[in-house]
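Asker: Input work_21.cif, format and content: mmCIF, C-alpha atoms and all ligand atoms.
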```cif
data_protein
loop_
_atom_site.label_atom_id
_atom_site.label_comp_id
_atom_site.auth_asym_id
_atom_site.auth_seq_id
_atom_site.Cartn_x
_atom_site.Cartn_y
_atom_site.Cartn_z
CA MET V 1 174.78 -174.18 -63.41
CA SER V 2 172.14 -172.52 -65.60
CA GLU V 3 171.23 -173.98 -69.00
CA TYR V 4 170.34 -171.81 -72.01
CA ASP V 5 170.11 -172.08 -75.80
CA LEU V 6 172.31 -169.05 -76.28
CA ILE V 7 174.78 -167.09 -74.18
CA ILE V 8 175.56 -163.56 -75.35
CA VAL V 9 178.68 -161.93 -73.91
CA GLY V 10 178.47 -158.13 -73.89
CA ALA V 11 175.46 -155.82 -74.13
CA GLY V 12 176.65 -153.16 -76.56
CA PRO V 13 174.77 -152.54 -79.82
CA ALA V 14 175.72 -156.01 -81.13
CA GLY V 15 174.78 -157.92 -77.97
CA LEU V 16 171.52 -156.02 -77.52
CA THR V 17 170.54 -156.68 -81.14
CA GLY V 18 171.48 -160.33 -80.67
CA ALA V 19 169.23 -160.51 -77.58
CA LEU V 20 166.36 -158.91 -79.49
CA TYR V 21 166.54 -161.41 -82.35
CA ALA V 22 167.13 -164.35 -80.01
CA GLY V 23 164.11 -163.38 -77.91
CA ARG V 24 161.93 -163.10 -81.00
CA SER V 25 163.19 -166.54 -82.11
CA MET V 26 162.11 -167.90 -78.69
CA LEU V 27 165.66 -168.95 -77.76
CA ARG V 28 166.37 -169.21 -74.05
CA THR V 29 168.96 -166.48 -73.92
CA VAL V 30 171.17 -164.98 -71.25
CA LEU V 31 172.94 -161.70 -71.92
CA LEU V 32 175.99 -161.30 -69.68
CA GLU V 33 177.21 -157.72 -69.33
CA LYS V 34 179.91 -156.55 -66.95
CA GLY V 35 178.63 -152.96 -66.79
CA ILE V 36 175.67 -150.92 -67.95
CA PRO V 37 174.09 -152.02 -71.26
CA GLY V 38 175.05 -149.81 -74.21
CA GLY V 39 178.76 -150.47 -74.73
CA GLU V 40 180.60 -147.70 -76.55
CA LEU V 41 177.33 -145.82 -77.05
CA LEU V 42 177.75 -144.73 -73.45
CA ASN V 43 181.07 -143.06 -74.35
CA THR V 44 179.63 -141.25 -77.35
CA GLU V 45 178.08 -137.83 -77.00
CA LEU V 46 176.08 -137.72 -80.24
CA ILE V 47 175.36 -140.33 -82.88
CA GLU V 48 174.40 -138.84 -86.24
CA ASP V 49 174.80 -141.81 -88.55
CA TYR V 50 172.33 -144.35 -87.20
CA PRO V 51 169.44 -144.57 -89.68
CA GLY V 52 166.19 -143.18 -88.36
CA PHE V 53 167.94 -141.02 -85.75
CA GLU V 54 169.32 -137.85 -87.34
CA SER V 55 170.97 -136.94 -84.07
CA VAL V 56 170.70 -138.91 -80.85
CA LYS V 57 172.65 -138.87 -77.61
CA GLY V 58 174.66 -142.07 -77.15
CA PHE V 59 173.11 -142.90 -73.79
CA GLU V 60 169.58 -142.35 -75.17
CA LEU V 61 170.15 -144.78 -78.02
CA ALA V 62 171.65 -147.23 -75.50
CA GLU V 63 168.56 -147.02 -73.27
CA LYS V 64 166.22 -147.49 -76.23
CA MET V 65 168.21 -150.45 -77.53
CA ALA V 66 168.31 -152.11 -74.10
CA ALA V 67 164.58 -151.69 -73.47
CA HIS V 68 163.76 -152.99 -76.94
CA ALA V 69 166.12 -155.97 -76.60
CA LEU V 70 164.78 -157.11 -73.25
CA LYS V 71 161.15 -156.78 -74.32
CA PHE V 72 161.32 -160.15 -76.07
CA GLY V 73 162.43 -162.20 -73.09
CA ALA V 74 166.22 -162.33 -73.00
CA GLU V 75 167.57 -162.35 -69.46
CA LEU V 76 170.16 -159.67 -68.63
CA VAL V 77 172.71 -160.50 -65.92
CA THR V 78 175.21 -157.90 -64.71
CA ASP V 79 178.39 -159.94 -64.35
CA GLY V 80 181.68 -160.01 -66.26
CA VAL V 81 182.58 -163.17 -68.12
CA VAL V 82 186.05 -164.46 -67.29
CA SER V 83 186.12 -167.51 -69.56
CA VAL V 84 184.22 -169.26 -72.32
CA ALA V 85 185.25 -172.87 -72.98
CA LYS V 86 183.77 -175.57 -75.16
CA GLY V 87 183.25 -178.87 -73.35
CA ALA V 88 183.52 -182.42 -74.65
CA ASP V 89 179.71 -182.58 -75.06
CA GLY V 90 179.82 -179.65 -77.54
CA ARG V 91 178.29 -177.16 -75.11
CA PHE V 92 180.02 -173.98 -74.01
CA LEU V 93 180.58 -173.11 -70.40
CA ALA V 94 180.75 -169.41 -69.53
CA THR V 95 182.16 -168.58 -66.11
CA THR V 96 181.68 -165.14 -64.60
CA GLU V 97 183.50 -162.93 -62.10
CA SER V 98 180.98 -163.86 -59.40
CA GLY V 99 181.68 -167.54 -60.02
CA ALA V 100 178.34 -168.27 -61.71
CA GLN V 101 178.33 -170.71 -64.62
CA TYR V 102 176.12 -170.74 -67.71
CA ARG V 103 175.95 -173.52 -70.29
CA ALA V 104 174.64 -173.40 -73.86
CA PRO V 105 175.36 -174.99 -77.26
CA VAL V 106 175.82 -171.53 -78.80
CA VAL V 107 177.73 -168.43 -77.70
CA LEU V 108 177.63 -165.03 -79.37
CA LEU V 109 180.68 -162.98 -78.44
CA THR V 110 179.90 -159.27 -78.64
CA ALA V 111 182.41 -157.97 -76.10
CA GLY V 112 183.64 -155.11 -78.30
CA GLY V 113 187.04 -153.62 -77.81
CA THR V 114 188.90 -150.74 -76.29
CA PRO V 115 190.80 -148.00 -78.12
CA THR V 116 194.30 -147.67 -76.65
CA LYS V 117 194.63 -144.42 -74.75
CA LEU V 118 197.65 -142.14 -74.91
CA GLY V 119 197.49 -141.79 -71.15
CA VAL V 120 198.34 -138.08 -71.11
CA PRO V 121 196.77 -135.29 -69.03
CA GLY V 122 193.66 -133.85 -70.68
CA GLU V 123 192.79 -136.99 -72.66
CA ILE V 124 189.95 -138.04 -70.37
CA GLU V 125 188.81 -134.47 -69.61
CA TYR V 126 188.41 -133.59 -73.32
CA ALA V 127 187.05 -136.98 -74.49
CA GLY V 128 184.00 -136.16 -76.62
CA LYS V 129 184.93 -132.47 -76.42
CA GLY V 130 187.76 -132.54 -78.95
CA VAL V 131 189.43 -135.88 -78.24
CA SER V 132 188.14 -138.72 -80.43
CA TYR V 133 189.08 -142.26 -81.41
CA CYS V 134 186.80 -142.51 -84.46
CA ALA V 135 187.19 -140.35 -87.58
CA VAL V 136 184.10 -141.69 -89.38
CA CYS V 137 182.02 -140.97 -86.28
CA ASP V 138 183.30 -137.53 -85.32
CA GLY V 139 185.13 -136.04 -88.31
CA HIS V 140 182.18 -133.95 -89.49
CA PHE V 141 182.07 -132.09 -86.16
CA PHE V 142 185.37 -130.44 -87.13
CA ARG V 143 184.57 -128.76 -90.47
CA GLY V 144 187.18 -126.14 -91.37
CA GLU V 145 189.26 -126.77 -88.24
CA VAL V 146 192.90 -127.69 -87.72
CA LEU V 147 193.22 -131.21 -86.33
CA GLY V 148 195.91 -133.38 -84.79
CA VAL V 149 196.07 -137.11 -85.47
CA VAL V 150 198.30 -139.26 -83.26
CA GLY V 151 199.82 -142.54 -84.47
CA GLY V 152 201.91 -144.00 -87.26
CA GLY V 153 200.14 -147.15 -88.43
CA ASP V 154 197.55 -147.81 -91.13
CA ALA V 155 194.66 -146.52 -89.01
CA ALA V 156 196.34 -143.20 -88.20
CA ALA V 157 197.46 -142.58 -91.78
CA GLU V 158 194.13 -143.59 -93.35
CA GLU V 159 192.09 -141.57 -90.89
CA ALA V 160 194.35 -138.50 -91.27
CA ASP V 161 193.65 -138.68 -95.00
CA PHE V 162 189.91 -139.15 -94.37
CA LEU V 163 189.78 -136.19 -91.96
CA THR V 164 191.05 -133.78 -94.61
CA ARG V 165 187.52 -133.98 -96.11
CA TYR V 166 186.46 -131.80 -93.19
CA ALA V 167 189.58 -130.22 -91.70
CA SER V 168 191.46 -127.26 -93.15
CA LYS V 169 194.73 -128.91 -92.06
CA VAL V 170 195.75 -132.15 -90.35
CA TYR V 171 198.98 -132.64 -88.41
CA LEU V 172 199.94 -136.30 -88.10
CA ILE V 173 202.02 -136.59 -84.95
CA HIS V 174 204.29 -139.62 -84.82
CA ARG V 175 206.91 -140.54 -82.25
CA ARG V 176 209.33 -142.05 -84.81
CA ASP V 177 211.01 -140.86 -88.02
CA GLU V 178 209.10 -143.29 -90.24
CA LEU V 179 205.54 -144.58 -90.39
CA ARG V 180 204.44 -148.19 -89.91
CA ALA V 181 201.56 -147.71 -92.36
CA SER V 182 201.66 -149.70 -95.62
CA ARG V 183 203.41 -148.09 -98.62
CA ILE V 184 200.23 -147.39 -100.57
CA ILE V 185 198.57 -145.67 -97.60
CA GLN V 186 201.75 -143.65 -96.96
CA ARG V 187 201.83 -142.53 -100.59
CA ARG V 188 198.24 -141.26 -100.36
CA LEU V 189 199.14 -139.47 -97.14
CA PHE V 190 202.24 -137.75 -98.53
CA GLU V 191 200.37 -136.68 -101.67
CA ASN V 192 197.68 -134.97 -99.58
CA ALA V 193 198.64 -131.28 -99.40
CA LYS V 194 196.47 -130.75 -96.30
CA ILE V 195 198.55 -133.18 -94.20
CA GLU V 196 201.81 -132.36 -92.46
CA VAL V 197 203.68 -135.04 -90.54
CA VAL V 198 205.28 -133.98 -87.25
CA TRP V 199 208.08 -136.53 -86.87
CA ASP V 200 209.82 -137.76 -83.70
CA THR V 201 207.21 -136.11 -81.55
CA VAL V 202 204.95 -137.15 -78.71
CA VAL V 203 201.92 -135.46 -77.17
CA GLU V 204 202.69 -134.59 -73.56
CA SER V 205 199.28 -133.16 -72.70
CA ILE V 206 196.01 -131.98 -74.19
CA GLU V 207 195.12 -128.49 -73.03
CA GLY V 208 192.35 -125.92 -73.32
CA THR V 209 189.65 -124.03 -71.49
CA ALA V 210 186.80 -125.44 -69.42
CA ASP V 211 184.70 -125.79 -72.60
CA ALA V 212 187.06 -126.57 -75.43
CA LEU V 213 190.36 -128.09 -76.34
CA ALA V 214 192.83 -125.45 -77.54
CA HIS V 215 196.23 -126.98 -78.14
CA LEU V 216 198.50 -130.00 -77.82
CA ALA V 217 201.68 -129.74 -75.79
CA LEU V 218 204.32 -131.55 -77.87
CA ARG V 219 207.85 -132.72 -77.25
CA ASN V 220 210.40 -133.72 -79.86
CA VAL V 221 211.91 -136.99 -78.60
CA LYS V 222 215.26 -136.37 -80.35
CA THR V 223 215.90 -132.74 -79.42
CA GLY V 224 213.71 -132.51 -76.33
CA ALA V 225 212.21 -129.27 -77.71
CA ALA V 226 208.74 -128.47 -76.40
CA SER V 227 206.08 -126.72 -78.48
CA ALA V 228 202.35 -125.99 -78.49
CA LEU V 229 200.23 -126.95 -81.51
CA PRO V 230 196.87 -125.12 -81.67
CA VAL V 231 194.14 -127.57 -82.78
CA GLY V 232 190.36 -127.80 -82.67
CA GLY V 233 190.48 -131.53 -82.03
CA VAL V 234 192.74 -134.54 -81.80
CA PHE V 235 192.12 -138.05 -83.10
CA ILE V 236 194.07 -140.83 -81.40
CA PHE V 237 194.90 -144.02 -83.32
CA VAL V 238 197.55 -145.83 -81.32
CA GLY V 239 195.81 -149.20 -81.23
CA PHE V 240 192.51 -150.95 -80.50
CA ARG V 241 192.32 -154.10 -78.43
CA PRO V 242 189.40 -156.46 -79.13
CA ASN V 243 188.06 -158.14 -75.98
CA THR V 244 188.60 -161.73 -77.06
CA GLY V 245 190.91 -163.00 -74.32
CA ILE V 246 188.14 -164.81 -72.43
CA VAL V 247 187.79 -167.49 -75.13
CA GLN V 248 189.74 -170.61 -74.18
CA GLY V 249 191.53 -172.50 -76.95
CA HIS V 250 192.60 -171.22 -80.34
CA VAL V 251 190.20 -169.12 -82.41
CA GLU V 252 191.34 -167.83 -85.78
CA HIS V 253 192.10 -164.13 -85.70
CA ASP V 254 193.91 -161.52 -87.75
CA GLU V 255 197.15 -159.79 -86.78
CA GLY V 256 195.24 -157.23 -84.72
CA GLY V 257 193.54 -159.97 -82.67
CA TYR V 258 190.12 -159.49 -84.33
CA LEU V 259 188.18 -162.73 -84.72
CA ILE V 260 187.82 -164.07 -88.25
CA THR V 261 184.31 -165.29 -89.04
CA ASP V 262 182.56 -166.78 -92.03
CA GLU V 263 179.70 -164.93 -93.76
CA VAL V 264 177.22 -165.94 -91.02
CA MET V 265 179.55 -164.71 -88.23
CA MET V 266 180.69 -168.13 -87.05
CA THR V 267 184.28 -168.26 -85.82
CA SER V 268 186.66 -171.17 -86.34
CA ILE V 269 185.06 -172.82 -83.26
CA PRO V 270 181.70 -174.33 -84.31
CA GLY V 271 178.88 -172.75 -82.31
CA LEU V 272 180.94 -169.71 -81.33
CA TYR V 273 179.71 -166.64 -83.20
CA ALA V 274 181.21 -163.14 -83.08
CA ALA V 275 179.61 -159.81 -83.98
CA GLY V 276 180.49 -156.13 -83.85
CA ASP V 277 183.82 -154.65 -82.84
CA VAL V 278 185.42 -158.02 -81.91
CA ARG V 279 185.19 -159.16 -85.52
CA ALA V 280 187.74 -158.65 -88.31
CA GLN V 281 186.05 -156.38 -90.84
CA LEU V 282 186.39 -153.19 -92.86
CA THR V 283 184.79 -150.79 -90.40
CA ARG V 284 183.40 -150.73 -86.87
CA GLN V 285 180.18 -148.81 -86.50
CA VAL V 286 176.87 -149.19 -84.69
CA THR V 287 175.21 -150.13 -87.98
CA THR V 288 177.73 -152.88 -88.70
CA ALA V 289 177.49 -154.20 -85.12
CA VAL V 290 173.72 -154.55 -85.28
CA GLY V 291 173.89 -156.05 -88.77
CA ASP V 292 176.47 -158.64 -87.71
CA ALA V 293 174.40 -159.65 -84.69
CA THR V 294 171.25 -160.04 -86.76
CA THR V 295 172.99 -162.42 -89.15
CA ALA V 296 174.69 -164.26 -86.28
CA VAL V 297 171.51 -164.98 -84.34
CA ILE V 298 169.51 -166.05 -87.39
CA ALA V 299 172.34 -168.41 -88.35
CA ALA V 300 172.72 -169.55 -84.73
CA THR V 301 169.03 -170.42 -84.57
CA ARG V 302 169.49 -172.82 -87.49
CA TYR V 303 172.72 -174.20 -86.03
CA LEU V 304 170.93 -174.83 -82.73
CA ALA V 305 168.05 -176.66 -84.40
CA GLU V 306 170.51 -178.98 -86.17
CA TRP V 307 172.53 -179.40 -82.96
CA LYS V 308 169.42 -180.50 -81.05
CA GLU V 309 168.59 -183.10 -83.74
CA ARG V 310 172.01 -184.74 -83.46
C1 LIG D 401 184.29 -142.48 -78.83
C2 LIG D 401 183.57 -143.32 -79.84
C3 LIG D 401 182.60 -142.72 -80.64
C4 LIG D 401 181.89 -143.49 -81.57
N1 LIG D 401 180.96 -142.87 -82.35
C5 LIG D 401 180.24 -143.61 -83.24
C6 LIG D 401 179.25 -143.01 -84.06
O1 LIG D 401 179.02 -141.80 -84.00
N2 LIG D 401 178.57 -143.81 -84.92
C7 LIG D 401 178.83 -145.15 -85.04
O2 LIG D 401 178.16 -145.83 -85.81
N3 LIG D 401 179.78 -145.74 -84.29
C8 LIG D 401 180.49 -145.01 -83.39
N4 LIG D 401 181.48 -145.59 -82.66
C9 LIG D 401 181.73 -147.04 -82.83
C10 LIG D 401 180.63 -147.84 -82.14
O3 LIG D 401 180.40 -147.31 -80.84
C11 LIG D 401 181.03 -149.30 -82.05
O4 LIG D 401 181.34 -149.77 -83.34
C12 LIG D 401 179.91 -150.13 -81.46
O5 LIG D 401 179.59 -149.69 -80.15
C13 LIG D 401 180.31 -151.59 -81.40
O6 LIG D 401 179.33 -152.32 -80.73
P1 LIG D 401 179.68 -153.70 -80.02
O7 LIG D 401 178.40 -154.17 -79.42
O8 LIG D 401 180.39 -154.58 -80.96
O9 LIG D 401 180.75 -153.36 -78.89
P2 LIG D 401 180.71 -152.35 -77.65
O10 LIG D 401 179.87 -151.19 -77.93
O11 LIG D 401 182.15 -152.13 -77.32
O12 LIG D 401 180.03 -153.21 -76.48
C14 LIG D 401 180.70 -154.29 -75.89
C15 LIG D 401 180.07 -154.58 -74.54
O13 LIG D 401 180.64 -155.78 -74.02
C16 LIG D 401 180.87 -155.62 -72.63
N5 LIG D 401 181.94 -156.56 -72.23
C17 LIG D 401 183.23 -156.56 -72.62
N6 LIG D 401 183.89 -157.60 -72.07
C18 LIG D 401 182.98 -158.26 -71.32
C19 LIG D 401 183.06 -159.41 -70.48
N7 LIG D 401 184.21 -160.10 -70.34
N8 LIG D 401 181.95 -159.82 -69.84
C20 LIG D 401 180.77 -159.13 -69.98
N9 LIG D 401 180.64 -158.04 -70.75
C21 LIG D 401 181.74 -157.61 -71.41
C22 LIG D 401 181.27 -154.17 -72.50
O14 LIG D 401 181.08 -153.71 -71.16
C23 LIG D 401 180.33 -153.51 -73.49
O15 LIG D 401 179.11 -153.13 -72.90
C24 LIG D 401 182.19 -144.86 -81.72
C25 LIG D 401 183.16 -145.47 -80.90
C26 LIG D 401 183.85 -144.72 -79.98
C27 LIG D 401 184.89 -145.38 -79.12
#
```
Will you turn the file into structure tokens for me?

Answerer:
Amino acid sequence: MSEYDLIIVGAGPAGLTGALYAGRSMLRTVLLEKGIPGGELLNTELIEDYPGFESVKGFELAEKMAAHALKFGAELVTDGVVSVAKGADGRFLATTESGAQYRAPVVLLTAGGTPTKLGVPGEIEYAGKGVSYCAVCDGHFFRGEVLGVVGGGDAAAEEADFLTRYASKVYLIHRRDELRASRIIQRRLFENAKIEVVWDTVVESIEGTADALAHLALRNVKTGAASALPVGGVFIFVGFRPNTGIVQGHVEHDEGGYLITDEVMMTSIPGLYAAGDVRAQLTRQVTTAVGDATTAVIAATRYLAEWKER
């Protein structure tokens, strides 16, 4: 059993920022990451909205963030966390896949989340080359193009509307004959002349050349009719699952499973902080992840000082 002041779960932008601030605050910190540090940055070709970097490759920003974070003394361990539980003494116990155990009075959960995939041929091949899961991040790459958006909930409808700032036309492809999105979002969608809804339709595959996506192979689920929709890109919004399942016991969350925090990022479990994509908030970006983690660690430092005086 290893004892620390702070355990950080996940080394994406939020976890790496947390480690940086924790190191500078002289907290004994362990950063537990199941893969390579960088999180979703590693799945992002170019980042063009991180201040100070007009255009930077995702993996480059990840490497810079990791080197900077570890410079101040946080310890990085490559191991997946399988559970985080608060003990009777008020300390948290984090258990990893390898069976190692780490104990600390404070945990910062920065495990991010995973966009739900359609699971169709071409989705992985064209990821970052026409297939995207983030309109704010990638919309501007598709100026003047025809786009497909897949989904029928709030995210799909809102992002279809957002994408018309760039696209000449957006087809919203939905497998049912009505949307799940809220009434007000639907109204905005239907009033937008650049959007056409393709009802009762699923994407069967995403197709193109070696370099670029060219069209979506569609199938109408009622008639069975197949068609090809030429698009420059497709944005998929069929769900996003925050990685919160490792926390034992009840933590307050919203209907999407995102953790609800107070203004200093503490969850409903005292001493358990959450930052970045796991947290319920308006948007999920690199800038918001690093901002959340900064606030969380500064607040956690104070919490820890009070905890030690008890
Ligand atoms: C395709 C794509 C493109 C994007 N483009 C942009 C963009 O251009 N600009 C922008 O600002 N944002 C962009 N985003 C959003 C941005 O990447 C995220 O908001 C940001 O990475 C969130 O950081 P995070 O640290 O909260 O989570 P993540 O980046 O998801 O990192 C979470 C980390 O936790 C680790 N982890 C998960 N579970 C465990 C566990 N049990 N044990 C140990 N480790 C664990 C994961 O391996 C991962 O490294 C994009 C997202 C996607 C998916």

Asker: Pick from V:Cys134, V:Ile7, V:Ile184, V:Ile206: nearest to Gln285 (chain V), with all atoms listed in the file counted?

Answerer: V:Cys134

Asker: Can you tell me, as a list of chain:residue names, what residues are no more than 7 Å from Pro13 (chain V) when counting all atoms listed in the file, ignoring any on the same chain fewer than 3 positions away?

Answerer: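 Listing them by chain and then by number gives V:Leu16, V:Thr17, V:Gly38, V:Gly39, V:Val286, V:Ala289, V:Val290.
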
Asker: Please return as a ChimeraX atom specification the residues found within 6 Å of ligand LIG 401 (chain D), counting only C-alpha atoms and all ligand atoms.

Answerer: /V:9-15,32-35,37-41,43-44,47-49,80-82,110-113,132-134,137,243,276-277,284-287,289

Asker: Taking 3 positions as the minimum chain separation for residues in the same chain, which residues sit within 9 Å of Ser83 (chain V) when counting only C-alpha atoms? Answer as JSON, numbers by chain.

Answerer: {"V": [93, 94, 95, 96, 245, 246, 247, 248]}

Asker: As an MDAnalysis selection string, please: the residues near Glu145 (chain V) (cut-off 8 Å, only C-alpha atoms, same-chain neighbours under 6 positions excluded).

Answerer: chainID V and resid 166:169 231:233

Asker: Using C-alpha atoms, can you export the residues from the last selection as a PDB file, in the coordinates of the input?

Answerer:
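File again27.pdb, as written:
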```pdb
ATOM      1  CA  TYR V 166     186.460-131.800 -93.190  1.00  0.00           C
ATOM      2  CA  ALA V 167     189.580-130.220 -91.700  1.00  0.00           C
ATOM      3  CA  SER V 168     191.460-127.260 -93.150  1.00  0.00           C
ATOM      4  CA  LYS V 169     194.730-128.910 -92.060  1.00  0.00           C
ATOM      5  CA  VAL V 231     194.140-127.570 -82.780  1.00  0.00           C
ATOM      6  CA  GLY V 232     190.360-127.800 -82.670  1.00  0.00           C
ATOM      7  CA  GLY V 233     190.480-131.530 -82.030  1.00  0.00           C
TER       8      GLY V 233
END
```

Asker: What's the 8 Å shell around Ala296 (chain V), counting all atoms listed in the file, without same-chain residues fewer than 5 positions away, as a VMD selection string?

Answerer: chain V and resid 18 108 264 to 266 273 to 275

Asker: Which one is closest to Arg91 (chain V): V:Tyr4, V:Phe59, V:Tyr50, V:Phe72? Count all atoms listed in the file.

Answerer: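 For Arg91 (chain V), the nearest of the given residues is V:Tyr4.
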
Asker: One number please: CA of Val149 (chain V) to CA of Asp292 (chain V), in Å, one decimal.

Answerer: 29.2 Å

Asker: Mind pulling up the distance from CA of Tyr171 (chain V) to CA of Gly148 (chain V)?

Answerer: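 Value for the CA of Gly148 (chain V)-CA of Tyr171 (chain V) distance: 4.8 Å.
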
Asker: I want to know what sits within 12 Å of Ala22 (chain V), based on only C-alpha atoms, with residues of the same chain fewer than 4 positions away left out; could you give that as a ChimeraX atom specification?

Answerer: /V:4-8,15-18,26-31,69-75,106-108,293-302,304

Asker: Work out how far CA of Thr116 (chain V) is from CA of Ile195 (chain V), in Å to one decimal.

Answerer: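 Going from CA of Ile195 (chain V) over to CA of Thr116 (chain V), I get 23.2 Å.
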
Asker: Mind giving me the axis-aligned box for region 42-61 of chain V with 3 Å on every side, centre plus edges in Å to one decimal, as AutoDock Vina command-line options?

Answerer:
```
--center_x 173.6 --center_y -140.9 --center_z -81.6 --size_x 20.9 --size_y 13.8 --size_z 22.2
```

Asker: Given all atoms listed in the file as the basis, pick out the residue of V:Glu158, V:Arg180, V:Gly128, V:Glu123 nearest to Lys57 (chain V).

Answerer: V:Gly128
